[in-house]
file final.txt (compact mmCIF, N, CA and C atoms)
# COMPACT_ATOMS: atom_id res chain seq x y z
N MET A 1 54.56 -16.58 12.01
CA MET A 1 53.65 -15.96 12.94
C MET A 1 52.72 -14.96 12.23
N LYS A 2 53.24 -14.29 11.21
CA LYS A 2 52.43 -13.30 10.51
C LYS A 2 51.37 -13.94 9.62
N LYS A 3 51.67 -15.13 9.08
CA LYS A 3 50.73 -15.79 8.17
C LYS A 3 49.42 -16.17 8.85
N PRO A 4 49.39 -16.77 10.05
CA PRO A 4 48.11 -17.10 10.69
C PRO A 4 47.27 -15.85 10.99
N ILE A 5 47.91 -14.77 11.40
CA ILE A 5 47.17 -13.53 11.68
C ILE A 5 46.59 -12.98 10.39
N LEU A 6 47.36 -13.02 9.31
CA LEU A 6 46.91 -12.54 8.02
C LEU A 6 45.72 -13.37 7.52
N PHE A 7 45.81 -14.69 7.65
CA PHE A 7 44.71 -15.56 7.23
C PHE A 7 43.46 -15.33 8.09
N ALA A 8 43.66 -15.15 9.37
CA ALA A 8 42.53 -14.89 10.27
C ALA A 8 41.86 -13.57 9.92
N ALA A 9 42.65 -12.54 9.67
CA ALA A 9 42.10 -11.23 9.30
C ALA A 9 41.37 -11.32 7.96
N LEU A 10 41.96 -12.04 7.02
CA LEU A 10 41.33 -12.21 5.72
C LEU A 10 40.02 -12.99 5.85
N GLY A 11 40.03 -14.03 6.66
CA GLY A 11 38.81 -14.82 6.90
C GLY A 11 37.71 -13.99 7.53
N ILE A 12 38.05 -13.16 8.49
CA ILE A 12 37.06 -12.29 9.15
C ILE A 12 36.50 -11.29 8.14
N CYS A 13 37.37 -10.72 7.32
CA CYS A 13 36.90 -9.76 6.30
C CYS A 13 35.94 -10.42 5.32
N VAL A 14 36.28 -11.64 4.89
CA VAL A 14 35.40 -12.35 3.96
C VAL A 14 34.05 -12.61 4.61
N LEU A 15 34.05 -13.04 5.86
CA LEU A 15 32.80 -13.30 6.55
C LEU A 15 31.96 -12.04 6.74
N LEU A 16 32.60 -10.96 7.08
CA LEU A 16 31.87 -9.71 7.35
C LEU A 16 31.32 -9.05 6.10
N PHE A 17 32.07 -9.10 5.02
CA PHE A 17 31.69 -8.30 3.85
C PHE A 17 31.10 -9.10 2.69
N SER A 18 31.12 -10.41 2.75
CA SER A 18 30.60 -11.17 1.62
C SER A 18 29.21 -11.74 1.87
N CYS A 19 28.78 -11.79 3.10
CA CYS A 19 27.49 -12.39 3.41
C CYS A 19 26.48 -11.30 3.76
N ARG A 20 25.29 -11.52 3.29
CA ARG A 20 24.21 -10.59 3.62
C ARG A 20 22.92 -11.37 3.69
N VAL A 21 22.26 -11.28 4.80
CA VAL A 21 20.99 -11.96 4.99
C VAL A 21 19.88 -10.96 4.70
N VAL A 22 18.99 -11.31 3.80
CA VAL A 22 17.89 -10.44 3.43
C VAL A 22 16.59 -11.10 3.87
N LEU A 23 15.89 -10.45 4.81
CA LEU A 23 14.65 -11.01 5.32
C LEU A 23 13.42 -10.23 4.86
N VAL A 24 13.66 -9.16 4.13
CA VAL A 24 12.58 -8.30 3.64
C VAL A 24 12.76 -8.08 2.13
N PRO A 25 11.70 -7.71 1.44
CA PRO A 25 11.83 -7.46 0.00
C PRO A 25 12.63 -6.19 -0.26
N GLU A 26 13.09 -6.05 -1.47
CA GLU A 26 13.81 -4.84 -1.88
C GLU A 26 12.84 -3.66 -1.95
N TYR A 27 13.32 -2.50 -1.60
CA TYR A 27 12.53 -1.26 -1.69
C TYR A 27 12.25 -0.95 -3.16
N SER A 28 11.06 -0.43 -3.42
CA SER A 28 10.69 -0.02 -4.77
C SER A 28 10.09 1.39 -4.73
N ALA A 29 10.81 2.34 -5.29
CA ALA A 29 10.32 3.72 -5.35
C ALA A 29 9.04 3.78 -6.19
N GLU A 30 8.97 2.95 -7.23
CA GLU A 30 7.78 2.92 -8.08
C GLU A 30 6.55 2.47 -7.28
N LEU A 31 6.71 1.43 -6.47
CA LEU A 31 5.59 0.96 -5.65
C LEU A 31 5.21 1.98 -4.59
N GLU A 32 6.20 2.61 -3.99
CA GLU A 32 5.90 3.63 -2.99
C GLU A 32 5.06 4.75 -3.62
N ASN A 33 5.45 5.18 -4.81
CA ASN A 33 4.70 6.22 -5.51
C ASN A 33 3.30 5.73 -5.87
N GLN A 34 3.17 4.48 -6.28
CA GLN A 34 1.86 3.94 -6.64
C GLN A 34 0.95 3.86 -5.41
N ILE A 35 1.53 3.52 -4.26
CA ILE A 35 0.75 3.48 -3.02
C ILE A 35 0.24 4.87 -2.67
N VAL A 36 1.11 5.86 -2.78
CA VAL A 36 0.72 7.24 -2.49
C VAL A 36 -0.39 7.68 -3.45
N GLN A 37 -0.24 7.37 -4.73
CA GLN A 37 -1.24 7.77 -5.72
C GLN A 37 -2.58 7.06 -5.48
N GLY A 38 -2.52 5.78 -5.12
CA GLY A 38 -3.74 5.03 -4.84
C GLY A 38 -4.48 5.61 -3.63
N ALA A 39 -3.73 5.92 -2.58
CA ALA A 39 -4.34 6.52 -1.39
C ALA A 39 -4.93 7.88 -1.71
N LYS A 40 -4.25 8.62 -2.55
CA LYS A 40 -4.72 9.95 -2.96
C LYS A 40 -6.03 9.84 -3.76
N LEU A 41 -6.08 8.90 -4.68
CA LEU A 41 -7.31 8.68 -5.46
C LEU A 41 -8.47 8.29 -4.55
N ASN A 42 -8.17 7.43 -3.60
CA ASN A 42 -9.20 6.97 -2.66
C ASN A 42 -9.72 8.12 -1.81
N ASP A 43 -8.81 8.95 -1.33
CA ASP A 43 -9.21 10.10 -0.52
C ASP A 43 -10.03 11.08 -1.35
N ARG A 44 -9.60 11.29 -2.60
CA ARG A 44 -10.32 12.21 -3.48
C ARG A 44 -11.74 11.73 -3.76
N LEU A 45 -11.92 10.42 -3.85
CA LEU A 45 -13.26 9.86 -4.05
C LEU A 45 -14.20 10.32 -2.93
N TYR A 46 -13.74 10.16 -1.69
CA TYR A 46 -14.59 10.53 -0.56
C TYR A 46 -14.74 12.04 -0.42
N ILE A 47 -13.71 12.79 -0.73
CA ILE A 47 -13.81 14.25 -0.69
C ILE A 47 -14.84 14.73 -1.71
N ASN A 48 -14.79 14.17 -2.91
CA ASN A 48 -15.76 14.55 -3.95
C ASN A 48 -17.18 14.19 -3.56
N MET A 49 -17.34 13.04 -2.89
CA MET A 49 -18.68 12.66 -2.43
C MET A 49 -19.19 13.63 -1.38
N LEU A 50 -18.32 14.00 -0.45
CA LEU A 50 -18.73 14.94 0.61
C LEU A 50 -19.08 16.31 0.03
N ASP A 51 -18.37 16.71 -1.03
CA ASP A 51 -18.64 18.01 -1.66
C ASP A 51 -19.93 18.01 -2.48
N ALA A 52 -20.37 16.83 -2.89
CA ALA A 52 -21.57 16.73 -3.73
C ALA A 52 -22.83 16.82 -2.89
N ASN A 53 -23.89 17.30 -3.51
CA ASN A 53 -25.19 17.30 -2.85
C ASN A 53 -25.61 15.85 -2.59
N PRO A 54 -26.35 15.59 -1.51
CA PRO A 54 -26.77 14.22 -1.21
C PRO A 54 -27.48 13.53 -2.38
N ASP A 55 -28.20 14.27 -3.21
CA ASP A 55 -28.88 13.64 -4.34
C ASP A 55 -27.92 13.35 -5.51
N LYS A 56 -26.67 13.76 -5.40
CA LYS A 56 -25.64 13.52 -6.43
C LYS A 56 -24.58 12.54 -5.93
N ARG A 57 -25.00 11.62 -5.06
CA ARG A 57 -24.06 10.65 -4.49
C ARG A 57 -24.40 9.21 -4.86
N SER A 58 -25.14 9.04 -5.95
CA SER A 58 -25.51 7.67 -6.33
C SER A 58 -24.26 6.89 -6.74
N PHE A 59 -24.33 5.61 -6.55
CA PHE A 59 -23.19 4.75 -6.87
C PHE A 59 -22.75 4.91 -8.32
N GLN A 60 -23.70 4.98 -9.23
CA GLN A 60 -23.37 5.07 -10.66
C GLN A 60 -22.49 6.28 -10.98
N LEU A 61 -22.67 7.36 -10.26
CA LEU A 61 -21.85 8.56 -10.51
C LEU A 61 -20.39 8.35 -10.10
N TYR A 62 -20.13 7.38 -9.24
CA TYR A 62 -18.78 7.14 -8.72
C TYR A 62 -18.23 5.77 -9.11
N ALA A 63 -18.98 5.00 -9.89
CA ALA A 63 -18.57 3.64 -10.25
C ALA A 63 -17.21 3.60 -10.94
N ASP A 64 -16.96 4.55 -11.84
CA ASP A 64 -15.67 4.59 -12.54
C ASP A 64 -14.51 4.84 -11.58
N LYS A 65 -14.72 5.71 -10.62
CA LYS A 65 -13.67 6.01 -9.64
C LYS A 65 -13.41 4.79 -8.75
N TYR A 66 -14.47 4.12 -8.33
CA TYR A 66 -14.31 2.89 -7.56
C TYR A 66 -13.49 1.87 -8.36
N ALA A 67 -13.82 1.70 -9.64
CA ALA A 67 -13.11 0.74 -10.49
C ALA A 67 -11.64 1.13 -10.64
N GLU A 68 -11.39 2.41 -10.81
CA GLU A 68 -10.00 2.89 -10.96
C GLU A 68 -9.18 2.59 -9.70
N ILE A 69 -9.76 2.86 -8.55
CA ILE A 69 -9.06 2.62 -7.28
C ILE A 69 -8.88 1.13 -7.04
N GLU A 70 -9.92 0.35 -7.30
CA GLU A 70 -9.83 -1.10 -7.10
C GLU A 70 -8.76 -1.70 -8.01
N SER A 71 -8.68 -1.24 -9.25
CA SER A 71 -7.66 -1.76 -10.16
C SER A 71 -6.26 -1.33 -9.70
N GLU A 72 -6.16 -0.16 -9.11
CA GLU A 72 -4.87 0.30 -8.57
C GLU A 72 -4.43 -0.59 -7.41
N ILE A 73 -5.37 -0.93 -6.54
CA ILE A 73 -5.08 -1.84 -5.43
C ILE A 73 -4.65 -3.21 -5.96
N HIS A 74 -5.34 -3.70 -6.97
CA HIS A 74 -5.00 -5.00 -7.56
C HIS A 74 -3.62 -4.96 -8.22
N SER A 75 -3.28 -3.85 -8.84
CA SER A 75 -1.96 -3.69 -9.45
C SER A 75 -0.87 -3.71 -8.38
N ILE A 76 -1.10 -3.02 -7.28
CA ILE A 76 -0.14 -3.02 -6.16
C ILE A 76 -0.01 -4.44 -5.61
N LEU A 77 -1.13 -5.14 -5.49
CA LEU A 77 -1.11 -6.52 -5.00
C LEU A 77 -0.30 -7.41 -5.94
N LEU A 78 -0.55 -7.32 -7.22
CA LEU A 78 0.15 -8.15 -8.20
C LEU A 78 1.65 -7.89 -8.17
N LYS A 79 2.04 -6.65 -8.13
CA LYS A 79 3.47 -6.32 -8.08
C LYS A 79 4.11 -6.86 -6.80
N ASN A 80 3.37 -6.83 -5.70
CA ASN A 80 3.92 -7.32 -4.44
C ASN A 80 3.94 -8.84 -4.39
N GLU A 81 3.05 -9.50 -5.12
CA GLU A 81 3.06 -10.97 -5.16
C GLU A 81 4.31 -11.50 -5.85
N THR A 82 4.91 -10.69 -6.71
CA THR A 82 6.11 -11.13 -7.43
C THR A 82 7.39 -10.84 -6.65
N ARG A 83 7.29 -10.11 -5.57
CA ARG A 83 8.47 -9.79 -4.76
C ARG A 83 8.76 -10.93 -3.78
N LYS A 84 10.02 -11.22 -3.61
CA LYS A 84 10.42 -12.26 -2.67
C LYS A 84 10.35 -11.73 -1.25
N LYS A 85 10.08 -12.62 -0.31
CA LYS A 85 10.06 -12.31 1.13
C LYS A 85 9.08 -11.19 1.46
N ASN A 86 7.87 -11.30 0.94
CA ASN A 86 6.93 -10.20 1.05
C ASN A 86 5.58 -10.58 1.65
N ASN A 87 5.52 -11.58 2.46
CA ASN A 87 4.24 -12.06 2.99
C ASN A 87 3.52 -11.03 3.85
N ASP A 88 4.25 -10.27 4.64
CA ASP A 88 3.61 -9.29 5.53
C ASP A 88 2.87 -8.21 4.75
N MET A 89 3.48 -7.70 3.70
CA MET A 89 2.83 -6.66 2.91
C MET A 89 1.62 -7.20 2.16
N LEU A 90 1.67 -8.45 1.76
CA LEU A 90 0.53 -9.05 1.07
C LEU A 90 -0.70 -9.08 1.96
N VAL A 91 -0.50 -9.35 3.24
CA VAL A 91 -1.62 -9.35 4.19
C VAL A 91 -2.23 -7.95 4.27
N ILE A 92 -1.39 -6.94 4.34
CA ILE A 92 -1.87 -5.55 4.42
C ILE A 92 -2.68 -5.20 3.18
N ILE A 93 -2.17 -5.55 2.02
CA ILE A 93 -2.84 -5.20 0.76
C ILE A 93 -4.16 -5.95 0.61
N ARG A 94 -4.16 -7.21 0.98
CA ARG A 94 -5.40 -7.99 0.89
C ARG A 94 -6.47 -7.45 1.84
N ASN A 95 -6.07 -7.01 3.03
CA ASN A 95 -7.02 -6.37 3.95
C ASN A 95 -7.58 -5.09 3.34
N LEU A 96 -6.70 -4.28 2.77
CA LEU A 96 -7.13 -3.05 2.11
C LEU A 96 -8.11 -3.35 1.00
N ASP A 97 -7.80 -4.31 0.16
CA ASP A 97 -8.67 -4.69 -0.95
C ASP A 97 -10.02 -5.17 -0.45
N SER A 98 -10.01 -6.01 0.56
CA SER A 98 -11.25 -6.56 1.12
C SER A 98 -12.16 -5.47 1.67
N VAL A 99 -11.60 -4.56 2.43
CA VAL A 99 -12.40 -3.48 3.02
C VAL A 99 -12.88 -2.52 1.94
N PHE A 100 -12.02 -2.20 0.98
CA PHE A 100 -12.43 -1.30 -0.10
C PHE A 100 -13.62 -1.88 -0.87
N VAL A 101 -13.55 -3.15 -1.20
CA VAL A 101 -14.65 -3.82 -1.92
C VAL A 101 -15.91 -3.84 -1.06
N LYS A 102 -15.74 -4.05 0.22
CA LYS A 102 -16.90 -4.03 1.14
C LYS A 102 -17.58 -2.66 1.11
N TYR A 103 -16.79 -1.60 1.17
CA TYR A 103 -17.36 -0.24 1.14
C TYR A 103 -18.00 0.05 -0.22
N LYS A 104 -17.36 -0.40 -1.29
CA LYS A 104 -17.92 -0.19 -2.63
C LYS A 104 -19.26 -0.91 -2.75
N ASN A 105 -19.31 -2.15 -2.30
CA ASN A 105 -20.55 -2.92 -2.39
C ASN A 105 -21.65 -2.34 -1.51
N HIS A 106 -21.27 -1.79 -0.36
CA HIS A 106 -22.25 -1.13 0.51
C HIS A 106 -22.86 0.08 -0.21
N HIS A 107 -22.01 0.87 -0.84
CA HIS A 107 -22.48 2.03 -1.58
C HIS A 107 -23.38 1.57 -2.74
N LYS A 108 -22.97 0.51 -3.42
CA LYS A 108 -23.74 0.00 -4.55
C LYS A 108 -25.12 -0.48 -4.10
N SER A 109 -25.18 -1.19 -2.98
CA SER A 109 -26.47 -1.73 -2.52
C SER A 109 -27.37 -0.64 -1.95
N LYS A 110 -26.78 0.35 -1.33
CA LYS A 110 -27.56 1.43 -0.73
C LYS A 110 -27.84 2.55 -1.74
N ASN A 111 -26.99 2.66 -2.73
CA ASN A 111 -27.03 3.63 -3.82
C ASN A 111 -26.57 5.03 -3.43
N THR A 112 -26.74 5.43 -2.20
CA THR A 112 -26.26 6.75 -1.77
C THR A 112 -25.74 6.63 -0.35
N LEU A 113 -24.81 7.51 0.01
CA LEU A 113 -24.20 7.46 1.34
C LEU A 113 -24.41 8.79 2.06
N SER A 114 -24.57 8.72 3.36
CA SER A 114 -24.70 9.93 4.18
C SER A 114 -23.31 10.52 4.44
N ASP A 115 -23.28 11.75 4.92
CA ASP A 115 -21.99 12.38 5.27
C ASP A 115 -21.23 11.53 6.28
N GLY A 116 -21.94 11.01 7.28
CA GLY A 116 -21.30 10.20 8.31
C GLY A 116 -20.67 8.93 7.74
N GLU A 117 -21.38 8.25 6.86
CA GLU A 117 -20.84 7.03 6.25
C GLU A 117 -19.60 7.34 5.41
N ILE A 118 -19.67 8.43 4.68
CA ILE A 118 -18.53 8.81 3.83
C ILE A 118 -17.32 9.13 4.70
N LYS A 119 -17.52 9.91 5.76
CA LYS A 119 -16.40 10.27 6.64
C LYS A 119 -15.80 9.05 7.33
N LEU A 120 -16.64 8.13 7.78
CA LEU A 120 -16.14 6.90 8.40
C LEU A 120 -15.35 6.06 7.40
N ASN A 121 -15.89 5.90 6.20
CA ASN A 121 -15.18 5.14 5.16
C ASN A 121 -13.83 5.79 4.87
N GLN A 122 -13.83 7.10 4.78
CA GLN A 122 -12.61 7.83 4.47
C GLN A 122 -11.54 7.60 5.55
N VAL A 123 -11.93 7.69 6.81
CA VAL A 123 -10.98 7.51 7.91
C VAL A 123 -10.49 6.06 7.97
N TYR A 124 -11.40 5.12 7.88
CA TYR A 124 -11.02 3.71 8.00
C TYR A 124 -10.14 3.25 6.84
N ILE A 125 -10.47 3.71 5.63
CA ILE A 125 -9.68 3.27 4.48
C ILE A 125 -8.29 3.91 4.52
N LYS A 126 -8.21 5.14 5.01
CA LYS A 126 -6.91 5.79 5.18
C LYS A 126 -6.05 4.99 6.16
N ASP A 127 -6.69 4.46 7.19
CA ASP A 127 -5.98 3.66 8.19
C ASP A 127 -5.49 2.32 7.61
N LEU A 128 -5.98 1.95 6.45
CA LEU A 128 -5.50 0.74 5.78
C LEU A 128 -4.41 1.04 4.75
N TRP A 129 -4.44 2.23 4.17
CA TRP A 129 -3.38 2.64 3.24
C TRP A 129 -2.10 2.97 4.00
N LYS A 130 -2.26 3.57 5.17
CA LYS A 130 -1.10 4.05 5.94
C LYS A 130 -0.08 2.97 6.28
N PRO A 131 -0.49 1.80 6.81
CA PRO A 131 0.53 0.78 7.11
C PRO A 131 1.25 0.27 5.86
N LEU A 132 0.56 0.27 4.74
CA LEU A 132 1.19 -0.15 3.49
C LEU A 132 2.30 0.82 3.10
N LEU A 133 2.01 2.10 3.21
CA LEU A 133 3.02 3.12 2.90
C LEU A 133 4.16 3.07 3.92
N ILE A 134 3.84 2.88 5.18
CA ILE A 134 4.88 2.79 6.21
C ILE A 134 5.78 1.58 5.94
N ALA A 135 5.18 0.46 5.56
CA ALA A 135 5.96 -0.75 5.27
C ALA A 135 6.92 -0.52 4.10
N GLU A 136 6.43 0.09 3.04
CA GLU A 136 7.30 0.35 1.88
C GLU A 136 8.38 1.37 2.23
N SER A 137 8.02 2.40 2.96
CA SER A 137 9.00 3.41 3.39
C SER A 137 10.04 2.79 4.31
N GLY A 138 9.62 1.84 5.13
CA GLY A 138 10.55 1.14 6.02
C GLY A 138 11.59 0.36 5.23
N LEU A 139 11.20 -0.19 4.08
CA LEU A 139 12.16 -0.89 3.23
C LEU A 139 13.21 0.07 2.70
N LYS A 140 12.81 1.29 2.42
CA LYS A 140 13.75 2.31 1.96
C LYS A 140 14.78 2.60 3.05
N LYS A 141 14.31 2.71 4.29
CA LYS A 141 15.22 2.95 5.40
C LYS A 141 16.12 1.75 5.64
N ALA A 142 15.58 0.54 5.51
CA ALA A 142 16.38 -0.67 5.69
C ALA A 142 17.47 -0.76 4.62
N LYS A 143 17.14 -0.36 3.41
CA LYS A 143 18.11 -0.36 2.32
C LYS A 143 19.27 0.57 2.63
N THR A 144 18.96 1.75 3.16
CA THR A 144 19.98 2.74 3.48
C THR A 144 20.89 2.24 4.61
N VAL A 145 20.31 1.58 5.58
CA VAL A 145 21.07 1.11 6.74
C VAL A 145 22.00 -0.04 6.36
N THR A 146 21.54 -0.94 5.48
CA THR A 146 22.34 -2.12 5.14
C THR A 146 23.41 -1.86 4.11
N ARG A 147 23.40 -0.75 3.49
CA ARG A 147 24.40 -0.49 2.44
C ARG A 147 25.54 0.33 2.94
call {"tool": "encode", "arguments": {"input": "final.txt", "output": "structure tokens"}}
result
Amino acid sequence: MKKPILFAALGICVLLFSCRVVLVPEYSAELENQIVQGAKLNDRLYINMLDANPDKRSFQLYADKYAEIESEIHSILLKNETRKKNNDMLVIIRNLDSVFVKYKNHHKSKNTLSDGEIKLNQVYIKDLWKPLLIAESGLKKAKTVTR
């Protein structure tokens, strides 16, 4: 009588503690930090533009910063493309990249931006960085809950 109960208990323990279904990518502190730094660089770009005189807002003066931020976004994208089960975050990053390039090209074609354009770009681009950071932070919370 004791053997069937022991086998049943052992079977339940094996089922409960040996299987784990993972539907999201692993959390990466490095990526979370890179996302924060990228958002910070992007925000600083617009803050510096707002602080500059309107005649000191030509695209050429900010081209290096645009390139630095765009390469940071591409680096985040590349690192996320190598992660398993990561399709949702890839969509977020590609949207961020697309809008950032659109704003960069607008500045390049117009050569200078008004205060209003800069403030709108700053708000909208922040709204694209935020879900990316929330998604990565959510993985950190998921990791804590599942362990």
call {"tool": "residues_near_point", "arguments": {"input": "final.txt", "point": "(5.9, -10.1, -4.7)", "cutoff": "12 Å", "atoms": "only C-alpha atoms", "output": "compact mmCIF listing (two decimals) with N, CA and C atoms, keeping the file's coordinate frame"}}
result
# COMPACT_ATOMS: atom_id res chain seq x y z
N VAL A 24 13.66 -9.16 4.13
CA VAL A 24 12.58 -8.30 3.64
C VAL A 24 12.76 -8.08 2.13
N PRO A 25 11.70 -7.71 1.44
CA PRO A 25 11.83 -7.46 0.00
C PRO A 25 12.63 -6.19 -0.26
N GLU A 26 13.09 -6.05 -1.47
CA GLU A 26 13.81 -4.84 -1.88
C GLU A 26 12.84 -3.66 -1.95
N TYR A 27 13.32 -2.50 -1.60
CA TYR A 27 12.53 -1.26 -1.69
C TYR A 27 12.25 -0.95 -3.16
N SER A 28 11.06 -0.43 -3.42
CA SER A 28 10.69 -0.02 -4.77
C SER A 28 10.09 1.39 -4.73
N LEU A 31 6.71 1.43 -6.47
CA LEU A 31 5.59 0.96 -5.65
C LEU A 31 5.21 1.98 -4.59
N SER A 75 -3.28 -3.85 -8.84
CA SER A 75 -1.96 -3.69 -9.45
C SER A 75 -0.87 -3.71 -8.38
N ILE A 76 -1.10 -3.02 -7.28
CA ILE A 76 -0.14 -3.02 -6.16
C ILE A 76 -0.01 -4.44 -5.61
N LEU A 77 -1.13 -5.14 -5.49
CA LEU A 77 -1.11 -6.52 -5.00
C LEU A 77 -0.30 -7.41 -5.94
N LEU A 78 -0.55 -7.32 -7.22
CA LEU A 78 0.15 -8.15 -8.20
C LEU A 78 1.65 -7.89 -8.17
N LYS A 79 2.04 -6.65 -8.13
CA LYS A 79 3.47 -6.32 -8.08
C LYS A 79 4.11 -6.86 -6.80
N ASN A 80 3.37 -6.83 -5.70
CA ASN A 80 3.92 -7.32 -4.44
C ASN A 80 3.94 -8.84 -4.39
N GLU A 81 3.05 -9.50 -5.12
CA GLU A 81 3.06 -10.97 -5.16
C GLU A 81 4.31 -11.50 -5.85
N THR A 82 4.91 -10.69 -6.71
CA THR A 82 6.11 -11.13 -7.43
C THR A 82 7.39 -10.84 -6.65
N ARG A 83 7.29 -10.11 -5.57
CA ARG A 83 8.47 -9.79 -4.76
C ARG A 83 8.76 -10.93 -3.78
N LYS A 84 10.02 -11.22 -3.61
CA LYS A 84 10.42 -12.26 -2.67
C LYS A 84 10.35 -11.73 -1.25
N LYS A 85 10.08 -12.62 -0.31
CA LYS A 85 10.06 -12.31 1.13
C LYS A 85 9.08 -11.19 1.46
N ASN A 86 7.87 -11.30 0.94
CA ASN A 86 6.93 -10.20 1.05
C ASN A 86 5.58 -10.58 1.65
N ASN A 87 5.52 -11.58 2.46
CA ASN A 87 4.24 -12.06 2.99
C ASN A 87 3.52 -11.03 3.85
N ASP A 88 4.25 -10.27 4.64
CA ASP A 88 3.61 -9.29 5.53
C ASP A 88 2.87 -8.21 4.75
N MET A 89 3.48 -7.70 3.70
CA MET A 89 2.83 -6.66 2.91
C MET A 89 1.62 -7.20 2.16
N LEU A 90 1.67 -8.45 1.76
CA LEU A 90 0.53 -9.05 1.07
C LEU A 90 -0.70 -9.08 1.96
N VAL A 91 -0.50 -9.35 3.24
CA VAL A 91 -1.62 -9.35 4.19
C VAL A 91 -2.23 -7.95 4.27
N ILE A 93 -2.17 -5.55 2.02
CA ILE A 93 -2.84 -5.20 0.76
C ILE A 93 -4.16 -5.95 0.61
call {"tool": "closest_residue", "arguments": {"input": "final.txt", "among": "A:Leu139, A:Ile92, A:Ser114, A:Leu128", "to": "Met49 in chain A", "atoms": "all atoms listed in the file"}}
result
A:Ser114
call {"tool": "select_by_dssp", "arguments": {"input": "final.txt", "residues": "chain A", "states": "helix (DSSP H, G or I)", "output": "ChimeraX atom specification"}}
result
/A:2-18,29-51,54-56,59-81,87-110,115-146
call {"tool": "atom_distance", "arguments": {"input": "final.txt", "atom1": "atom N of Val123 in chain A", "atom2": "atom C of Asp43 in chain A"}}
result
9.0 Å
call {"tool": "atom_distance", "arguments": {"input": "final.txt", "atom1": "CA of Asn48 in chain A", "atom2": "CA of Ile73 in chain A"}}
result
19.6 Å
call {"tool": "atom_distance", "arguments": {"input": "final.txt", "atom1": "CA of Gln60 in chain A", "atom2": "CA of Leu132 in chain A"}}
result
28.8 Å
call {"tool": "closest_residue", "arguments": {"input": "final.txt", "among": "A:Leu113, A:Ala29, A:Lys119, A:Ala142", "to": "Pro54 in chain A", "atoms": "all atoms listed in the file"}}
result
A:Leu113
call {"tool": "closest_residue", "arguments": {"input": "final.txt", "among": "A:Ile118, A:Arg57, A:Thr112, A:Trp129", "to": "Asp97 in chain A", "atoms": "only C-alpha atoms"}}
result
A:Trp129
call {"tool": "residues_near_point", "arguments": {"input": "final.txt", "point": "(-9.8, 0.0, 4.6)", "cutoff": "5 Å", "atoms": "all atoms listed in the file", "output": "compact mmCIF listing (two decimals) with N, CA and C atoms, keeping the file's coordinate frame"}}
result
# COMPACT_ATOMS: atom_id res chain seq x y z
N LEU A 96 -6.70 -4.28 2.77
CA LEU A 96 -7.13 -3.05 2.11
C LEU A 96 -8.11 -3.35 1.00
N VAL A 99 -11.60 -4.56 2.43
CA VAL A 99 -12.40 -3.48 3.02
C VAL A 99 -12.88 -2.52 1.94
N PHE A 100 -12.02 -2.20 0.98
CA PHE A 100 -12.43 -1.30 -0.10
C PHE A 100 -13.62 -1.88 -0.87
N TYR A 124 -11.40 5.12 7.88
CA TYR A 124 -11.02 3.71 8.00
C TYR A 124 -10.14 3.25 6.84
N ILE A 125 -10.47 3.71 5.63
CA ILE A 125 -9.68 3.27 4.48
C ILE A 125 -8.29 3.91 4.52
N LEU A 128 -5.98 1.95 6.45
CA LEU A 128 -5.50 0.74 5.78
C LEU A 128 -4.41 1.04 4.75
